[in-house]
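Structure below is protein_34.pdb: PDB, N, CA and C atoms.
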```pdb
ATOM      1  N   MET A1233     -13.598 -44.522 -13.611
ATOM      2  CA  MET A1233     -13.163 -45.340 -12.492
ATOM      3  C   MET A1233     -12.002 -44.661 -11.755
ATOM      4  N   LEU A1234     -11.061 -44.118 -12.521
ATOM      5  CA  LEU A1234      -9.912 -43.458 -11.904
ATOM      6  C   LEU A1234     -10.344 -42.210 -11.136
ATOM      7  N   LEU A1235     -11.269 -41.431 -11.711
ATOM      8  CA  LEU A1235     -11.749 -40.238 -11.016
ATOM      9  C   LEU A1235     -12.462 -40.593  -9.718
ATOM     10  N   GLU A1236     -13.169 -41.710  -9.708
ATOM     11  CA  GLU A1236     -13.859 -42.127  -8.485
ATOM     12  C   GLU A1236     -12.871 -42.484  -7.390
ATOM     13  N   ILE A1237     -11.801 -43.155  -7.744
ATOM     14  CA  ILE A1237     -10.768 -43.523  -6.765
ATOM     15  C   ILE A1237     -10.084 -42.274  -6.226
ATOM     16  N   ILE A1238      -9.752 -41.353  -7.123
ATOM     17  CA  ILE A1238      -9.119 -40.101  -6.698
ATOM     18  C   ILE A1238     -10.056 -39.307  -5.796
ATOM     19  N   LEU A1239     -11.364 -39.320  -6.121
ATOM     20  CA  LEU A1239     -12.343 -38.601  -5.310
ATOM     21  C   LEU A1239     -12.419 -39.171  -3.896
ATOM     22  N   VAL A1240     -12.417 -40.478  -3.772
ATOM     23  CA  VAL A1240     -12.465 -41.100  -2.441
ATOM     24  C   VAL A1240     -11.206 -40.778  -1.645
ATOM     25  N   ILE A1241     -10.047 -40.874  -2.282
ATOM     26  CA  ILE A1241      -8.784 -40.601  -1.593
ATOM     27  C   ILE A1241      -8.709 -39.139  -1.153
ATOM     28  N   THR A1242      -9.069 -38.221  -2.053
ATOM     29  CA  THR A1242      -9.006 -36.802  -1.689
ATOM     30  C   THR A1242     -10.060 -36.446  -0.638
ATOM     31  N   SER A1243     -11.196 -37.123  -0.657
ATOM     32  CA  SER A1243     -12.210 -36.875   0.377
ATOM     33  C   SER A1243     -11.681 -37.252   1.754
ATOM     34  N   LEU A1244     -11.046 -38.414   1.832
ATOM     35  CA  LEU A1244     -10.478 -38.847   3.119
ATOM     36  C   LEU A1244      -9.348 -37.924   3.567
ATOM     37  N   LEU A1245      -8.515 -37.495   2.613
ATOM     38  CA  LEU A1245      -7.432 -36.571   2.957
ATOM     39  C   LEU A1245      -7.972 -35.231   3.434
ATOM     40  N   LEU A1246      -9.030 -34.741   2.795
ATOM     41  CA  LEU A1246      -9.624 -33.475   3.220
ATOM     42  C   LEU A1246     -10.181 -33.563   4.635
ATOM     43  N   ILE A1247     -10.829 -34.672   4.949
ATOM     44  CA  ILE A1247     -11.351 -34.858   6.306
ATOM     45  C   ILE A1247     -10.200 -34.806   7.312
ATOM     46  N   LEU A1248      -9.136 -35.524   7.023
ATOM     47  CA  LEU A1248      -7.987 -35.553   7.919
ATOM     48  C   LEU A1248      -7.340 -34.182   8.054
ATOM     49  N   LEU A1249      -7.121 -33.507   6.921
ATOM     50  CA  LEU A1249      -6.448 -32.206   6.957
ATOM     51  C   LEU A1249      -7.292 -31.148   7.656
ATOM     52  N   ILE A1250      -8.594 -31.163   7.444
ATOM     53  CA  ILE A1250      -9.457 -30.176   8.102
ATOM     54  C   ILE A1250      -9.479 -30.408   9.606
ATOM     55  N   LEU A1251      -9.461 -31.659  10.016
ATOM     56  CA  LEU A1251      -9.429 -31.944  11.455
ATOM     57  C   LEU A1251      -8.100 -31.547  12.087
ATOM     58  N   LEU A1252      -7.032 -31.468  11.305
ATOM     59  CA  LEU A1252      -5.733 -31.065  11.836
ATOM     60  C   LEU A1252      -5.621 -29.555  12.056
ATOM     61  N   HIS A1253      -6.487 -28.786  11.424
ATOM     62  CA  HIS A1253      -6.411 -27.334  11.569
ATOM     63  C   HIS A1253      -6.756 -26.909  12.992
ATOM     64  N   ARG A1254      -6.099 -25.865  13.408
ATOM     65  CA  ARG A1254      -6.337 -25.322  14.739
ATOM     66  C   ARG A1254      -7.618 -24.502  14.712
ATOM     67  N   GLY A1255      -8.414 -24.621  15.758
ATOM     68  CA  GLY A1255      -9.648 -23.848  15.846
ATOM     69  C   GLY A1255      -9.348 -22.376  16.032
ATOM     70  N   LYS A1256     -10.161 -21.518  15.457
ATOM     71  CA  LYS A1256      -9.947 -20.076  15.558
ATOM     72  C   LYS A1256     -10.664 -19.472  16.759
ATOM     73  N   GLY A1257     -11.413 -20.248  17.497
ATOM     74  CA  GLY A1257     -12.088 -19.747  18.682
ATOM     75  C   GLY A1257     -13.532 -19.400  18.389
ATOM     76  N   GLY A1258     -14.367 -19.569  19.379
ATOM     77  CA  GLY A1258     -15.759 -19.220  19.249
ATOM     78  C   GLY A1258     -16.611 -20.281  18.568
ATOM     79  N   GLY A1259     -16.019 -21.400  18.233
ATOM     80  CA  GLY A1259     -16.781 -22.438  17.557
ATOM     81  C   GLY A1259     -16.880 -23.687  18.392
ATOM     82  N   LEU A1260     -17.056 -24.785  17.719
ATOM     83  CA  LEU A1260     -17.194 -26.059  18.423
ATOM     84  C   LEU A1260     -15.895 -26.488  19.097
ATOM     85  N   SER A1261     -14.741 -26.022  18.597
ATOM     86  CA  SER A1261     -13.473 -26.424  19.211
ATOM     87  C   SER A1261     -13.368 -25.908  20.640
ATOM     88  N   ASP A1262     -13.954 -24.746  20.923
ATOM     89  CA  ASP A1262     -13.944 -24.231  22.294
ATOM     90  C   ASP A1262     -14.802 -25.077  23.217
ATOM     91  N   MET A1263     -15.869 -25.615  22.688
ATOM     92  CA  MET A1263     -16.779 -26.418  23.498
ATOM     93  C   MET A1263     -16.089 -27.674  24.026
ATOM     94  N   PHE A1264     -15.179 -28.216  23.239
ATOM     95  CA  PHE A1264     -14.503 -29.453  23.630
ATOM     96  C   PHE A1264     -13.100 -29.206  24.159
ATOM     97  N   GLY A1265     -12.785 -27.994  24.567
ATOM     98  CA  GLY A1265     -11.492 -27.712  25.180
ATOM     99  C   GLY A1265     -10.425 -27.264  24.201
ATOM    100  N   GLY A1266     -10.779 -26.981  22.976
ATOM    101  CA  GLY A1266      -9.794 -26.544  21.994
ATOM    102  C   GLY A1266      -9.325 -25.122  22.202
ATOM    103  N   GLY A1267     -10.079 -24.332  22.958
ATOM    104  CA  GLY A1267      -9.718 -22.936  23.163
ATOM    105  C   GLY A1267      -8.870 -22.707  24.393
ATOM    106  N   VAL A1268      -8.369 -23.761  25.018
ATOM    107  CA  VAL A1268      -7.582 -23.630  26.243
ATOM    108  C   VAL A1268      -6.229 -23.006  25.957
ATOM    109  N   SER A1269      -5.592 -23.407  24.879
ATOM    110  CA  SER A1269      -4.274 -22.856  24.568
ATOM    111  C   SER A1269      -4.438 -21.548  23.814
ATOM    112  N   SER A1270      -3.657 -20.566  24.195
ATOM    113  CA  SER A1270      -3.730 -19.275  23.512
ATOM    114  C   SER A1270      -2.647 -19.207  22.454
ATOM    115  N   SER A1271      -2.985 -18.638  21.326
ATOM    116  CA  SER A1271      -1.993 -18.486  20.265
ATOM    117  C   SER A1271      -1.353 -17.121  20.398
ATOM    118  N   VAL A1272      -0.041 -17.077  20.582
ATOM    119  CA  VAL A1272       0.646 -15.819  20.806
ATOM    120  C   VAL A1272       1.244 -15.296  19.504
ATOM    121  N   GLY A1273       1.681 -15.964  18.595
ATOM    122  CA  GLY A1273       2.236 -15.378  17.375
ATOM    123  C   GLY A1273       1.213 -15.374  16.280
ATOM    124  N   GLY A1274       1.588 -15.214  15.083
ATOM    125  CA  GLY A1274       0.664 -15.397  13.979
ATOM    126  C   GLY A1274       0.592 -16.879  13.679
ATOM    127  N   SER A1275       0.387 -17.190  12.446
ATOM    128  CA  SER A1275       0.383 -18.606  12.084
ATOM    129  C   SER A1275       1.813 -19.041  11.787
ATOM    130  N   SER A1276       2.141 -20.245  12.178
ATOM    131  CA  SER A1276       3.496 -20.747  11.981
ATOM    132  C   SER A1276       3.663 -21.267  10.556
ATOM    133  N   VAL A1277       4.867 -21.648  10.227
ATOM    134  CA  VAL A1277       5.155 -22.178   8.895
ATOM    135  C   VAL A1277       4.378 -23.471   8.668
ATOM    136  N   ALA A1278       4.282 -24.287   9.703
ATOM    137  CA  ALA A1278       3.550 -25.548   9.573
ATOM    138  C   ALA A1278       2.073 -25.298   9.296
ATOM    139  N   GLU A1279       1.499 -24.298   9.943
ATOM    140  CA  GLU A1279       0.083 -23.993   9.710
ATOM    141  C   GLU A1279      -0.140 -23.460   8.300
ATOM    142  N   ARG A1280       0.779 -22.617   7.825
ATOM    143  CA  ARG A1280       0.647 -22.099   6.455
ATOM    144  C   ARG A1280       0.785 -23.223   5.441
ATOM    145  N   ASN A1281       1.714 -24.147   5.674
ATOM    146  CA  ASN A1281       1.857 -25.291   4.772
ATOM    147  C   ASN A1281       0.626 -26.180   4.808
ATOM    148  N   LEU A1282       0.053 -26.368   5.991
ATOM    149  CA  LEU A1282      -1.168 -27.154   6.113
ATOM    150  C   LEU A1282      -2.312 -26.491   5.345
ATOM    151  N   ASP A1283      -2.378 -25.166   5.408
ATOM    152  CA  ASP A1283      -3.394 -24.432   4.644
ATOM    153  C   ASP A1283      -3.203 -24.644   3.144
ATOM    154  N   ARG A1284      -1.963 -24.562   2.687
ATOM    155  CA  ARG A1284      -1.678 -24.729   1.252
ATOM    156  C   ARG A1284      -2.000 -26.143   0.781
ATOM    157  N   ILE A1285      -1.626 -27.130   1.569
ATOM    158  CA  ILE A1285      -1.895 -28.523   1.199
ATOM    159  C   ILE A1285      -3.407 -28.773   1.164
ATOM    160  N   THR A1286      -4.116 -28.238   2.168
ATOM    161  CA  THR A1286      -5.562 -28.409   2.205
ATOM    162  C   THR A1286      -6.216 -27.755   0.999
ATOM    163  N   LEU A1287      -5.760 -26.574   0.631
ATOM    164  CA  LEU A1287      -6.305 -25.892  -0.534
ATOM    165  C   LEU A1287      -6.032 -26.676  -1.815
ATOM    166  N   GLY A1288      -4.829 -27.207  -1.954
ATOM    167  CA  GLY A1288      -4.489 -27.999  -3.134
ATOM    168  C   GLY A1288      -5.318 -29.259  -3.250
ATOM    169  N   ILE A1289      -5.459 -29.978  -2.145
ATOM    170  CA  ILE A1289      -6.275 -31.192  -2.152
ATOM    171  C   ILE A1289      -7.741 -30.847  -2.425
ATOM    172  N   GLY A1290      -8.189 -29.714  -1.886
ATOM    173  CA  GLY A1290      -9.559 -29.277  -2.134
ATOM    174  C   GLY A1290      -9.803 -28.957  -3.602
ATOM    175  N   LEU A1291      -8.828 -28.367  -4.263
ATOM    176  CA  LEU A1291      -8.963 -28.081  -5.693
ATOM    177  C   LEU A1291      -8.995 -29.360  -6.519
ATOM    178  N   VAL A1292      -8.166 -30.344  -6.149
ATOM    179  CA  VAL A1292      -8.190 -31.640  -6.847
ATOM    180  C   VAL A1292      -9.536 -32.313  -6.637
ATOM    181  N   TRP A1293     -10.059 -32.245  -5.403
ATOM    182  CA  TRP A1293     -11.363 -32.827  -5.091
ATOM    183  C   TRP A1293     -12.460 -32.175  -5.933
ATOM    184  N   ALA A1294     -12.437 -30.842  -6.010
ATOM    185  CA  ALA A1294     -13.450 -30.120  -6.785
ATOM    186  C   ALA A1294     -13.356 -30.466  -8.268
ATOM    187  N   ALA A1295     -12.138 -30.593  -8.793
ATOM    188  CA  ALA A1295     -11.963 -30.961 -10.196
ATOM    189  C   ALA A1295     -12.507 -32.363 -10.463
ATOM    190  N   CYS A1296     -12.318 -33.271  -9.519
ATOM    191  CA  CYS A1296     -12.859 -34.631  -9.676
ATOM    192  C   CYS A1296     -14.377 -34.617  -9.668
ATOM    193  N   VAL A1297     -14.982 -33.811  -8.799
ATOM    194  CA  VAL A1297     -16.436 -33.725  -8.742
ATOM    195  C   VAL A1297     -16.985 -33.180 -10.060
ATOM    196  N   VAL A1298     -16.349 -32.133 -10.583
ATOM    197  CA  VAL A1298     -16.795 -31.561 -11.855
ATOM    198  C   VAL A1298     -16.589 -32.562 -12.987
ATOM    199  N   GLY A1299     -15.451 -33.232 -12.991
ATOM    200  CA  GLY A1299     -15.173 -34.225 -14.031
ATOM    201  C   GLY A1299     -16.166 -35.369 -14.019
ATOM    202  N   LEU A1300     -16.469 -35.878 -12.830
ATOM    203  CA  LEU A1300     -17.457 -36.956 -12.729
ATOM    204  C   LEU A1300     -18.847 -36.475 -13.142
ATOM    205  N   GLY A1301     -19.173 -35.243 -12.799
ATOM    206  CA  GLY A1301     -20.460 -34.687 -13.211
ATOM    207  C   GLY A1301     -20.569 -34.584 -14.716
ATOM    208  N   LEU A1302     -19.486 -34.164 -15.362
ATOM    209  CA  LEU A1302     -19.494 -34.053 -16.821
ATOM    210  C   LEU A1302     -19.591 -35.442 -17.471
ATOM    211  N   LEU A1303     -18.874 -36.407 -16.900
ATOM    212  CA  LEU A1303     -18.941 -37.762 -17.449
ATOM    213  C   LEU A1303     -20.334 -38.364 -17.298
ATOM    214  N   LEU A1304     -20.967 -38.117 -16.177
ATOM    215  CA  LEU A1304     -22.301 -38.673 -15.956
ATOM    216  C   LEU A1304     -23.352 -37.953 -16.799
ATOM    217  N   SER A1305     -23.132 -36.676 -17.077
ATOM    218  CA  SER A1305     -24.127 -35.944 -17.873
ATOM    219  C   SER A1305     -24.040 -36.298 -19.353
ATOM    220  N   THR A1306     -22.891 -36.805 -19.803
ATOM    221  CA  THR A1306     -22.770 -37.199 -21.202
ATOM    222  C   THR A1306     -23.276 -38.610 -21.412
ATOM    223  N   GLY A1307     -23.630 -39.299 -20.357
ATOM    224  CA  GLY A1307     -24.200 -40.639 -20.483
ATOM    225  C   GLY A1307     -23.196 -41.759 -20.511
ATOM    226  N   ARG A1308     -21.978 -41.498 -20.110
ATOM    227  CA  ARG A1308     -20.958 -42.545 -20.108
ATOM    228  C   ARG A1308     -21.111 -43.435 -18.921
TER     229      ARG A1308
END
```

Using the file provided, produce a representation of the structure as structure tokens.
Amino acid sequence: MLLEIILVITSLLLILLILLHRGKGGGLSDMFGGGVSSSVGGSSVAERNLDRITLGIGLVWAACVVGLGLLLSTGR
């Protein structure tokens, strides 16, 4: 039950965090006007932190999926 709740929360957080990422160009973000602003520097501190948080939440999400799979395969 706890893993299911964590999975739902991390899924929603991943959706939100992925939508916050800046488009790299050439994809769907350009189609909807996301490519209008040009990026002049590298990635900022905020973007690097967003990447780290997204990666961490993604790892927690993956661990929950594996954990739930193991629980369901043992017949619990």

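Put simply, the PyMOL selection byres ((chain A and resi 1293-1308) around 8) in this file takes in Leu1235, Glu1236, Ile1238, Leu1239, Val1240, Ile1241, Thr1242, Ser1243, Leu1287, Gly1288, Ile1289, Gly1290, Leu1291 and Val1292 of chain A.
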
Any chance you could work out the axis-aligned box around stretch 1304-1307 of chain A, listed atoms only, 4 Å on each side, giving centre and edge lengths in Å to one decimal, as JSON?
```
{"center_x": -22.6, "center_y": -38.9, "center_z": -18.7, "size_x": 11.2, "size_y": 13.8, "size_z": 13.5}
```

Using all atoms listed in the file, which protein or nucleic acid residues come within 8 Å of A:Thr1286? Drop anything in the same chain fewer than 4 positions from it, and give the result as a ChimeraX atom specification. /A:1245-1246,1249-1250,1280-1282,1290-1292

Gap from atom C of A:Leu1248 to atom C of A:Met1233 - Å, one decimal: 22.9 Å
